[in-house]
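Trainee: The structure is given below, and queries will be raised subsequently.
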Amino acid sequence: MGLGLLASRALRSSRIFTSPVSRNAIVRTIVSTPELQNPEASAAAQSPPEDLPIRTPVAGARVEFTNPDDAIEVFVDGYPVKIPKGMTVLQACELAGVDIPRFCYHSRLSIAGNCRMCLVEVEKSPKPVASCAMPALPGMKIKTDTPIAKKAREGVMEFLLMNHPLDCPICDQGGECDLQDQSMAFGSDRGRFTEMKRSVVDKNLGPLVKTVMTRCIQCTRCVRFATEVAGVQDLGMLGRGSGEEIGTYVEKLMTSELSGNVIDICPVGALTSKPFAFKARNWELKGTESIDVTDAVGSNIRIDSRGPEVMRILPRLNEDINEEWISDKTRFFYDGLKRQRLNDPMIRGADGRFKAVSWRDALAVVAEVIHQVKPEEIVGVAGQLSDAESMMALKDFLNKMGSNNIWCEGNGMHPNADLRSGYLLNNGISGLEKADVFLLVGTQPRVEAAMVNARIRKTVRETHAKVGYIGPPTDFNYDYQHLGTGPQTLTEIAEGRHPFYSALSNAKNPVIIVGAGIFERNDKDAIFSVVETIAKKGNIIRPDWNGLNVLLLNAAQAASLDLGLVPESEHSIESAKFVYLMGADDVSLEKVPSDAFVVYQGHHGDQSVYRANVILPAAAFTEKEGTYVNAEGCAQQTLPAVPTVGDARDDWKIIRALSEVAGVRLPYDTLGAIRNRIRTVAPNLLHMDERQPATFSALLKPESGNKTSSTPFGTAVENFYMTNSITRASKIMAQCTAMLLKK
Amino acid sequence: MASVLKGALKSIRERGLGNFLRELREEGYLSCLADGNLLQTKIHNIGATLVGVDKFGNKYYEKLGETQYGRHRWVEYALKDRYNASQVPAEWHGWLHFITDHTGDELLMLKPKRYGVEHKENLSGEGDEYIYHSKGHSLNPGQRDWTRYRAWEPTKP
């Protein structure tokens with residue numbers, strides 16, 4: 001024992017006799033508010049003030065009383081608050097406007113109650129209670145600001161920091177870390193532990209999630225997320241006491257399409273983004289609220305950029321679409337935006353090589369060629385990432401040139417653009433939660449629309465809804481019945497011969513989801529009429545419930561059908577002399593005649609560029625303002641987060657300039673003017689962030705006499721990680737494909 | 001003076017007139033006529049001791065005795081037409097400026113092997129290509145690439 005320690009002991013013992021509490025003493029106790037240790041002082045602090053200042057609920061928390069009898073009243077710091085029965089103390093505090101510190105509690109996950117950070121004092125309770133796990137009882141008097149609650153938090157924080165490394169300067173979570181913030185707000189200014197900190201071996205969770213397990217505070221949010229939301233049993237807790245570790249039970253990668261969300265969920269820096277590791281600090285980034293275009297869900301995202309570079313993509317809260325999750329493809333494909341970019345207009349010379357030219361020359365060549373071909377030989381194809389404004393401009397331009405052969409890839413050659421209910425998710429994504437029976441026809445929502453799949457999983461988990469699936473064998477993360485692989489099974493259900501028919505007809509809110517992969521089939525109309533027969537018989541389409549849904553694949557599909565991008569003739573591409581590809585990379589170009597002139601307008605050098613004669617560089621979705629309609633019919637907008645690369649321009653501006661060079665000037669010069677034009681075609685595209693459901697149901701359609709073929713349904717998305725030109729250019733997506741899709 | 005003439009005649013006899021003239025030009029005797037500074041150095045050199053020659057070819061002379069103190073060490077630059085003080089390498093600088101009595105050849109042994117860089121003369125005013133430009137400068141040939149994307153290369157067929 002050192003001399004100094006002896007001296008301090010002597011001082012402390014003498015202090016007890018001299019003055020009760022002195023802040024100027026050399027040695028202070030660990031509690032940062034020692035005067036509140038005094039019983040009289042804390043009693044004075046407890047007495048509620050006469051007139052309470054008004055408090056607003058935390059983060060706009062609201063409560064709906066389904067049954068007024070269920071309402072109970074509790075008091076939080078003296079404020080009376082009415083809550084429904086069954087709410088926890090923590091939720092009651094949030095409604096009363098008190099933000100309780102927490103680590104393990106997450107409103108979308110089950111309650112664990114193991115971090116103890118949310119301790120509050122409840123009157124007549126001998127000990128502080130964990131508010132996240134404690135149901136509120138009528139008349140409960142909750143105190144969140146008393147010395148006991150404060151001391152409890154301080155003590156919990158001290159224990160949490162006991163084994164937490166002091167590596168905030170090299171930690172990627174630094175600046176957005178819950179532990180950092182809460183230790184500043186609720187922690188003590190010193191700790192008493194002088195022992196060595198424990199260390200934990202890092203786990204390999206795959207190419208997306210980086211782990212530094214020494215930082216883990218065992219809140220088990222990631223374990224609960226993986227089992228409850230993602231539906232994979234990969235993560236778990238091993239060991240007891242200080243040997244407790246989060247990990248995969250055996251050496252295994254985390255194979256979920258939602259695994260990136262554990263990065264957001266982790267309150268400390270134990271799980272961070274591997275591609276983003278050591279790239280930037282969160283306070284250097286500029287956030288732009290935008291929309292994801294990699295699938296038809298239209299997840300709300302925030303694009304974090306630094307200068308001309310997209311650094312990362314995070315989810316944005318939208319209860320109707322993606323809640324607060326996004327898929328791994330959405331989160332990690334952004335490095336594709338920096339590779340394989342088209343940055344100069346190019347013309348293929350006589351020797352077959354591309355030469356960079358000026359915009360003036362490139363547009364002049366295209367305008368010259370388009371006047372040399374017959375109007376019916378002009379074909380336009382919009383790509384799966386096109387925004388509504390540029391599709392409108394392309395359609396107007398080609399119509400002025402006399403052609404009406406223009407469509408969006410993925411819609412097939414006979415798209416049903418007449419009835420909106422024929423191509424939308426009529427229930428809405430959040431409406432799927434009310435369903436009790438699902439019939440998935442030729443769709444694998446887990447790879448086609450991961451966020452829709454998460455909703456179905458949530459429903460199945462909560463209400464034990466039945467899921468029937470018709471299609472090729474595939475991987476589901478919830479219980480399902482594999483009914484068959486082809487249209488025959490569908491016919492059997494329609495004729496009532498299949499056992500699943502009784503489940504469907506007895507259900508209160510049945511849902512049929514038809515995959516957009518069927519659009520490419522020749523017997524598409526016949527399949528749809530069989531599905532409509534099922535809908536009629538099973539009472540699936542009612543005034544209050546339209547359970548016949550179509551799940552689209554691409555971000556541009558719904559808007560293109562709203563705008564009426566329908567090809568005039570089926571075989572137009574075989575006889576085309578002039579093909580205008582607006583970012584269309586998945587259209588098969590083998591059928592295009594070899595003497596046809598192909599213009600590729602897009603942002604990535606992907607598959608179609610190699611057939612192009614002229615390349616016009618355009619802006620990617622992170623670089624332009626554009627309207628997209630998602631699968632449920634909700635129009636949303638992207639906003640430019642970073643500047644365009646090189647000499648690239650916005651899609652609609654290129655077409656507008658081309659129309660002027662070609663002598664058929666389009667009558668709009670601004671985005672607002674194009675939107676005015678869209679208003680005359682599809683006014684629903686202008687109602688931003690608002691779901692515009694279909695007005696007429698599919699039952700109005702006459703039945704088609706075609707026969708269904710016996711070909712089984714195919715898979716629409718072969719590789720979840722690579723579906724469009726940006727994701728195909730991404731290195732991270734290539735790594736995911738190599739490591740996670742290994743069979 | 002006579003000995004100088006005698007030496008010149010001797011070398012003409014030994015190596016021929018052409019070689020002698022070339023040597024005259026290379027040693028800067030011809031530029032002496034236009035460059036008084038060089039001429040003065042050459043006259044100074046007569047009777048001085050050559051202390052050393054550095055790796056650039058600069059010759060370092062010393063003459064003790066009748067020269068004025070402070071003017072008893074000097075350099076004759078290797079380049080006769082374009083010379084300046086920055087051509088003196090660091091190891092000779094101390095000797096030349098009376099900081100030390102150790103010659104550059106002796107001090108060269110102290111030069112650090114691992115990180116000692118080669119002496120470079122100051123080329124200011126000689127043109128942009130000779131001047132040092134920082135990493136971000138647009139005239140630096142090895143400047144950092146600030147583009148944050150990689151363009152598609154139209155090389156494949």
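Numbering starts fresh at 1 for the residues of each chain in the structure tokens, the chains themselves are lettered A, B, ... in the order given, and ligands are numbered from 1 as they appear.
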List as a PyMOL selection string the protein and nucleic acid residues near region 42-55 of chain B, meaning an atom at most 12 Å away when only C-alpha atoms are counted, but skip any in the same chain fewer than 2 places from it.
Mentor: chain B and resi 1+3-4+27-33+35-40+57-68+71-78+80+87-93+95-96+101-108+118-120
Trainee: What residues in chain B have any atom no more than 8 Å from chain A when counting only C-alpha atoms, and can you write them as a ChimeraX atom specification?
Mentor: /B:148-155,157
Trainee: Could you write those residues out with N, CA and C atoms, as a PDB file, in the first residue's frame?
Mentor:
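File result_19.pdb, as written:
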```
ATOM      1  N   ARG B 148     -12.746  10.308 -57.994  1.00  0.00           N
ATOM      2  CA  ARG B 148     -13.194   9.333 -57.031  1.00  0.00           C
ATOM      3  C   ARG B 148     -13.968   8.200 -57.700  1.00  0.00           C
ATOM      4  N   TYR B 149     -13.874   8.079 -58.997  1.00  0.00           N
ATOM      5  CA  TYR B 149     -14.565   6.984 -59.671  1.00  0.00           C
ATOM      6  C   TYR B 149     -13.638   6.433 -60.734  1.00  0.00           C
ATOM      7  N   ARG B 150     -13.923   5.228 -61.164  1.00  0.00           N
ATOM      8  CA  ARG B 150     -13.136   4.680 -62.256  1.00  0.00           C
ATOM      9  C   ARG B 150     -14.015   4.559 -63.484  1.00  0.00           C
ATOM     10  N   ALA B 151     -13.528   5.079 -64.586  1.00  0.00           N
ATOM     11  CA  ALA B 151     -14.336   5.101 -65.796  1.00  0.00           C
ATOM     12  C   ALA B 151     -14.300   3.741 -66.473  1.00  0.00           C
ATOM     13  N   TRP B 152     -15.343   3.491 -67.242  1.00  0.00           N
ATOM     14  CA  TRP B 152     -15.396   2.268 -68.038  1.00  0.00           C
ATOM     15  C   TRP B 152     -14.380   2.368 -69.164  1.00  0.00           C
ATOM     16  N   GLU B 153     -13.632   1.313 -69.390  1.00  0.00           N
ATOM     17  CA  GLU B 153     -12.613   1.330 -70.442  1.00  0.00           C
ATOM     18  C   GLU B 153     -13.148   0.584 -71.653  1.00  0.00           C
ATOM     19  N   PRO B 154     -13.261   1.263 -72.775  1.00  0.00           N
ATOM     20  CA  PRO B 154     -13.827   0.570 -73.941  1.00  0.00           C
ATOM     21  C   PRO B 154     -12.785  -0.272 -74.661  1.00  0.00           C
ATOM     22  N   THR B 155     -12.086  -1.151 -73.954  1.00  0.00           N
ATOM     23  CA  THR B 155     -11.037  -1.938 -74.600  1.00  0.00           C
ATOM     24  C   THR B 155     -11.568  -3.265 -75.096  1.00  0.00           C
ATOM     25  N   PRO B 157     -13.828  -6.135 -76.773  1.00  0.00           N
ATOM     26  CA  PRO B 157     -14.591  -6.035 -78.022  1.00  0.00           C
ATOM     27  C   PRO B 157     -16.086  -5.870 -77.774  1.00  0.00           C
TER      28      PRO B 157
END
```
Trainee: Distance CA of Glu409 (chain A)-CA of Phe578 (chain A), one decimal place?
Mentor: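 Result for CA of Glu409 (chain A) versus CA of Phe578 (chain A): 17.0 Å, one decimal.
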Trainee: Identify, on the basis of only C-alpha atoms, every residue whose closest approach to Leu205 (chain A) does not exceed 9 Å; exclude the query and any residue fewer than 6 positions from it along the same chain; express the result as a short mmCIF file (atom, residue, chain, number, x, y, z; two decimals) with C-alpha atoms, in the first residue's frame.
Mentor:
```
data_model
loop_
_atom_site.label_atom_id
_atom_site.label_comp_id
_atom_site.auth_asym_id
_atom_site.auth_seq_id
_atom_site.Cartn_x
_atom_site.Cartn_y
_atom_site.Cartn_z
CA THR A 211 -16.64 -7.51 -35.69
CA GLY A 247 -20.89 -15.50 -31.92
CA THR A 248 -21.89 -18.03 -34.47
CA GLU A 251 -17.42 -21.18 -37.60
CA LYS A 252 -19.97 -19.88 -40.04
CA LEU A 253 -20.80 -16.72 -41.99
CA MET A 254 -24.01 -14.83 -41.42
CA THR A 255 -26.10 -15.69 -44.46
#
```
Trainee: For Val373 (chain A), which residue out of A:Ala576, A:Ile678, A:Cys132, A:Ile265 is the nearest one, using only C-alpha atoms?
Mentor: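 When distances to Val373 (chain A) are compared using only C-alpha atoms, the smallest one comes from A:Ala576.
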Trainee: Name the residues in contact with Arg457 (chain A) at a cut-off of 10 Å, using only C-alpha atoms, excluding same-chain residues fewer than 3 positions from it; report them as a count of residues only.
Mentor: 21
Trainee: Can you work out the spacing between CA of Glu520 (chain A) and CA of Leu552 (chain A) in Å, to one decimal?
Mentor: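 About the pair CA of Glu520 (chain A) and CA of Leu552 (chain A): they are 12.1 Å apart.
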Trainee: Can you list every residue in region 502-660 of chain A that DSSP puts in alpha helix (DSSP H), as JSON, numbers by chain?
Mentor: {"A": [502, 503, 504, 505, 506, 524, 525, 526, 527, 528, 529, 530, 531, 532, 533, 534, 535, 536, 537, 557, 558, 559, 560, 561, 562, 651, 652, 653, 654, 655, 656, 657, 658, 659, 660]}
Trainee: Deliver the residues from the most recent selection as a file, using N, CA and C atoms, as an mmCIF file, in the first residue's frame.
Mentor:
```
data_model
loop_
_atom_site.group_PDB
_atom_site.id
_atom_site.type_symbol
_atom_site.label_atom_id
_atom_site.label_comp_id
_atom_site.auth_asym_id
_atom_site.auth_seq_id
_atom_site.Cartn_x
_atom_site.Cartn_y
_atom_site.Cartn_z
ATOM 1 N N SER A 502 -59.058 -24.784 -49.396
ATOM 2 C CA SER A 502 -59.930 -24.585 -48.229
ATOM 3 C C SER A 502 -59.298 -23.575 -47.283
ATOM 4 N N ALA A 503 -57.977 -23.648 -47.121
ATOM 5 C CA ALA A 503 -57.294 -22.671 -46.259
ATOM 6 C C ALA A 503 -57.510 -21.267 -46.786
ATOM 7 N N LEU A 504 -57.418 -21.154 -48.107
ATOM 8 C CA LEU A 504 -57.530 -19.835 -48.730
ATOM 9 C C LEU A 504 -58.954 -19.297 -48.605
ATOM 10 N N SER A 505 -59.941 -20.176 -48.820
ATOM 11 C CA SER A 505 -61.323 -19.675 -48.812
ATOM 12 C C SER A 505 -61.840 -19.477 -47.399
ATOM 13 N N ASN A 506 -61.237 -20.178 -46.413
ATOM 14 C CA ASN A 506 -61.680 -19.977 -45.035
ATOM 15 C C ASN A 506 -60.998 -18.796 -44.364
ATOM 16 N N LYS A 524 -48.885 -15.584 -69.782
ATOM 17 C CA LYS A 524 -49.068 -14.660 -68.666
ATOM 18 C C LYS A 524 -50.554 -14.332 -68.437
ATOM 19 N N ASP A 525 -51.264 -14.049 -69.526
ATOM 20 C CA ASP A 525 -52.672 -13.662 -69.372
ATOM 21 C C ASP A 525 -53.499 -14.813 -68.823
ATOM 22 N N ALA A 526 -53.174 -16.019 -69.283
ATOM 23 C CA ALA A 526 -53.913 -17.192 -68.807
ATOM 24 C C ALA A 526 -53.662 -17.398 -67.328
ATOM 25 N N ILE A 527 -52.396 -17.256 -66.902
ATOM 26 C CA ILE A 527 -52.075 -17.432 -65.479
ATOM 27 C C ILE A 527 -52.816 -16.400 -64.657
ATOM 28 N N PHE A 528 -52.834 -15.171 -65.161
ATOM 29 C CA PHE A 528 -53.515 -14.134 -64.395
ATOM 30 C C PHE A 528 -55.006 -14.402 -64.313
ATOM 31 N N SER A 529 -55.578 -14.962 -65.386
ATOM 32 C CA SER A 529 -57.024 -15.213 -65.307
ATOM 33 C C SER A 529 -57.310 -16.355 -64.344
ATOM 34 N N VAL A 530 -56.388 -17.335 -64.233
ATOM 35 C CA VAL A 530 -56.572 -18.405 -63.244
ATOM 36 C C VAL A 530 -56.493 -17.822 -61.848
ATOM 37 N N VAL A 531 -55.509 -16.934 -61.638
ATOM 38 C CA VAL A 531 -55.359 -16.314 -60.323
ATOM 39 C C VAL A 531 -56.601 -15.506 -59.981
ATOM 40 N N GLU A 532 -57.152 -14.833 -60.998
ATOM 41 C CA GLU A 532 -58.360 -14.045 -60.736
ATOM 42 C C GLU A 532 -59.547 -14.943 -60.410
ATOM 43 N N THR A 533 -59.575 -16.129 -61.016
ATOM 44 C CA THR A 533 -60.636 -17.067 -60.670
ATOM 45 C C THR A 533 -60.535 -17.455 -59.201
ATOM 46 N N ILE A 534 -59.276 -17.720 -58.769
ATOM 47 C CA ILE A 534 -59.075 -18.057 -57.346
ATOM 48 C C ILE A 534 -59.544 -16.891 -56.490
ATOM 49 N N ALA A 535 -59.195 -15.684 -56.911
ATOM 50 C CA ALA A 535 -59.552 -14.499 -56.128
ATOM 51 C C ALA A 535 -61.056 -14.369 -56.013
ATOM 52 N N LYS A 536 -61.752 -14.655 -57.116
ATOM 53 C CA LYS A 536 -63.214 -14.550 -57.096
ATOM 54 C C LYS A 536 -63.819 -15.583 -56.181
ATOM 55 N N LYS A 537 -63.323 -16.828 -56.318
ATOM 56 C CA LYS A 537 -63.905 -17.918 -55.540
ATOM 57 C C LYS A 537 -63.580 -17.769 -54.060
ATOM 58 N N GLN A 557 -40.440 -0.195 -62.972
ATOM 59 C CA GLN A 557 -41.569 -0.886 -63.587
ATOM 60 C C GLN A 557 -42.912 -0.196 -63.356
ATOM 61 N N ALA A 558 -43.199 0.109 -62.117
ATOM 62 C CA ALA A 558 -44.518 0.665 -61.815
ATOM 63 C C ALA A 558 -44.717 2.010 -62.512
ATOM 64 N N ALA A 559 -43.679 2.861 -62.470
ATOM 65 C CA ALA A 559 -43.812 4.173 -63.105
ATOM 66 C C ALA A 559 -43.964 4.033 -64.611
ATOM 67 N N SER A 560 -43.245 3.070 -65.202
ATOM 68 C CA SER A 560 -43.335 2.928 -66.658
ATOM 69 C C SER A 560 -44.730 2.481 -67.059
ATOM 70 N N LEU A 561 -45.340 1.612 -66.248
ATOM 71 C CA LEU A 561 -46.693 1.177 -66.580
ATOM 72 C C LEU A 561 -47.693 2.293 -66.316
ATOM 73 N N ASP A 562 -47.449 3.095 -65.270
ATOM 74 C CA ASP A 562 -48.308 4.251 -65.025
ATOM 75 C C ASP A 562 -48.268 5.215 -66.198
ATOM 76 N N ASP A 651 -30.672 12.186 -67.294
ATOM 77 C CA ASP A 651 -31.269 11.452 -68.409
ATOM 78 C C ASP A 651 -32.227 12.309 -69.211
ATOM 79 N N TRP A 652 -33.123 13.002 -68.527
ATOM 80 C CA TRP A 652 -34.143 13.748 -69.272
ATOM 81 C C TRP A 652 -33.502 14.886 -70.038
ATOM 82 N N LYS A 653 -32.407 15.463 -69.527
ATOM 83 C CA LYS A 653 -31.752 16.562 -70.237
ATOM 84 C C LYS A 653 -31.128 16.077 -71.537
ATOM 85 N N ILE A 654 -30.587 14.851 -71.516
ATOM 86 C CA ILE A 654 -29.984 14.303 -72.733
ATOM 87 C C ILE A 654 -31.052 14.161 -73.802
ATOM 88 N N ILE A 655 -32.210 13.595 -73.412
ATOM 89 C CA ILE A 655 -33.271 13.377 -74.401
ATOM 90 C C ILE A 655 -33.820 14.712 -74.885
ATOM 91 N N ARG A 656 -33.924 15.650 -73.959
ATOM 92 C CA ARG A 656 -34.393 16.982 -74.347
ATOM 93 C C ARG A 656 -33.430 17.616 -75.354
ATOM 94 N N ALA A 657 -32.122 17.495 -75.120
ATOM 95 C CA ALA A 657 -31.141 18.067 -76.041
ATOM 96 C C ALA A 657 -31.177 17.349 -77.381
ATOM 97 N N LEU A 658 -31.313 16.006 -77.317
ATOM 98 C CA LEU A 658 -31.368 15.230 -78.546
ATOM 99 C C LEU A 658 -32.581 15.611 -79.375
ATOM 100 N N SER A 659 -33.706 15.856 -78.696
ATOM 101 C CA SER A 659 -34.910 16.203 -79.440
ATOM 102 C C SER A 659 -34.708 17.527 -80.186
ATOM 103 N N GLU A 660 -33.969 18.432 -79.581
ATOM 104 C CA GLU A 660 -33.736 19.713 -80.257
ATOM 105 C C GLU A 660 -32.831 19.531 -81.467
#
```
Trainee: Within 12 Å of Tyr130 (chain B), counting only C-alpha atoms, which residues qualify if same-chain residues fewer than 6 places away don't, as a ChimeraX atom specification?
Mentor: /B:120-124,139-141
Trainee: Output the selection as a compact mmCIF listing (two decimals), in the first residue's frame - C-alpha atoms for each residue.
Mentor:
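Saved to out-v5.txt:
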```txt
# COMPACT_ATOMS: atom_id res chain seq x y z
CA LYS B 120 19.87 18.80 -56.19
CA GLU B 121 20.62 22.32 -57.34
CA ASN B 122 17.93 24.96 -57.21
CA LEU B 123 16.40 25.20 -60.65
CA SER B 124 14.13 28.19 -59.99
CA LEU B 139 2.18 20.52 -62.77
CA ASN B 140 3.46 17.67 -60.63
CA PRO B 141 3.79 14.79 -63.08
```
Trainee: Pick out the residues sitting within 9 Å of Arg312 (chain A), and hand them over as a ChimeraX atom specification; count only C-alpha atoms, and ignore anything fewer than 5 positions along from it in its own chain.
Mentor: /A:275-276,302-305,331-332,334-335
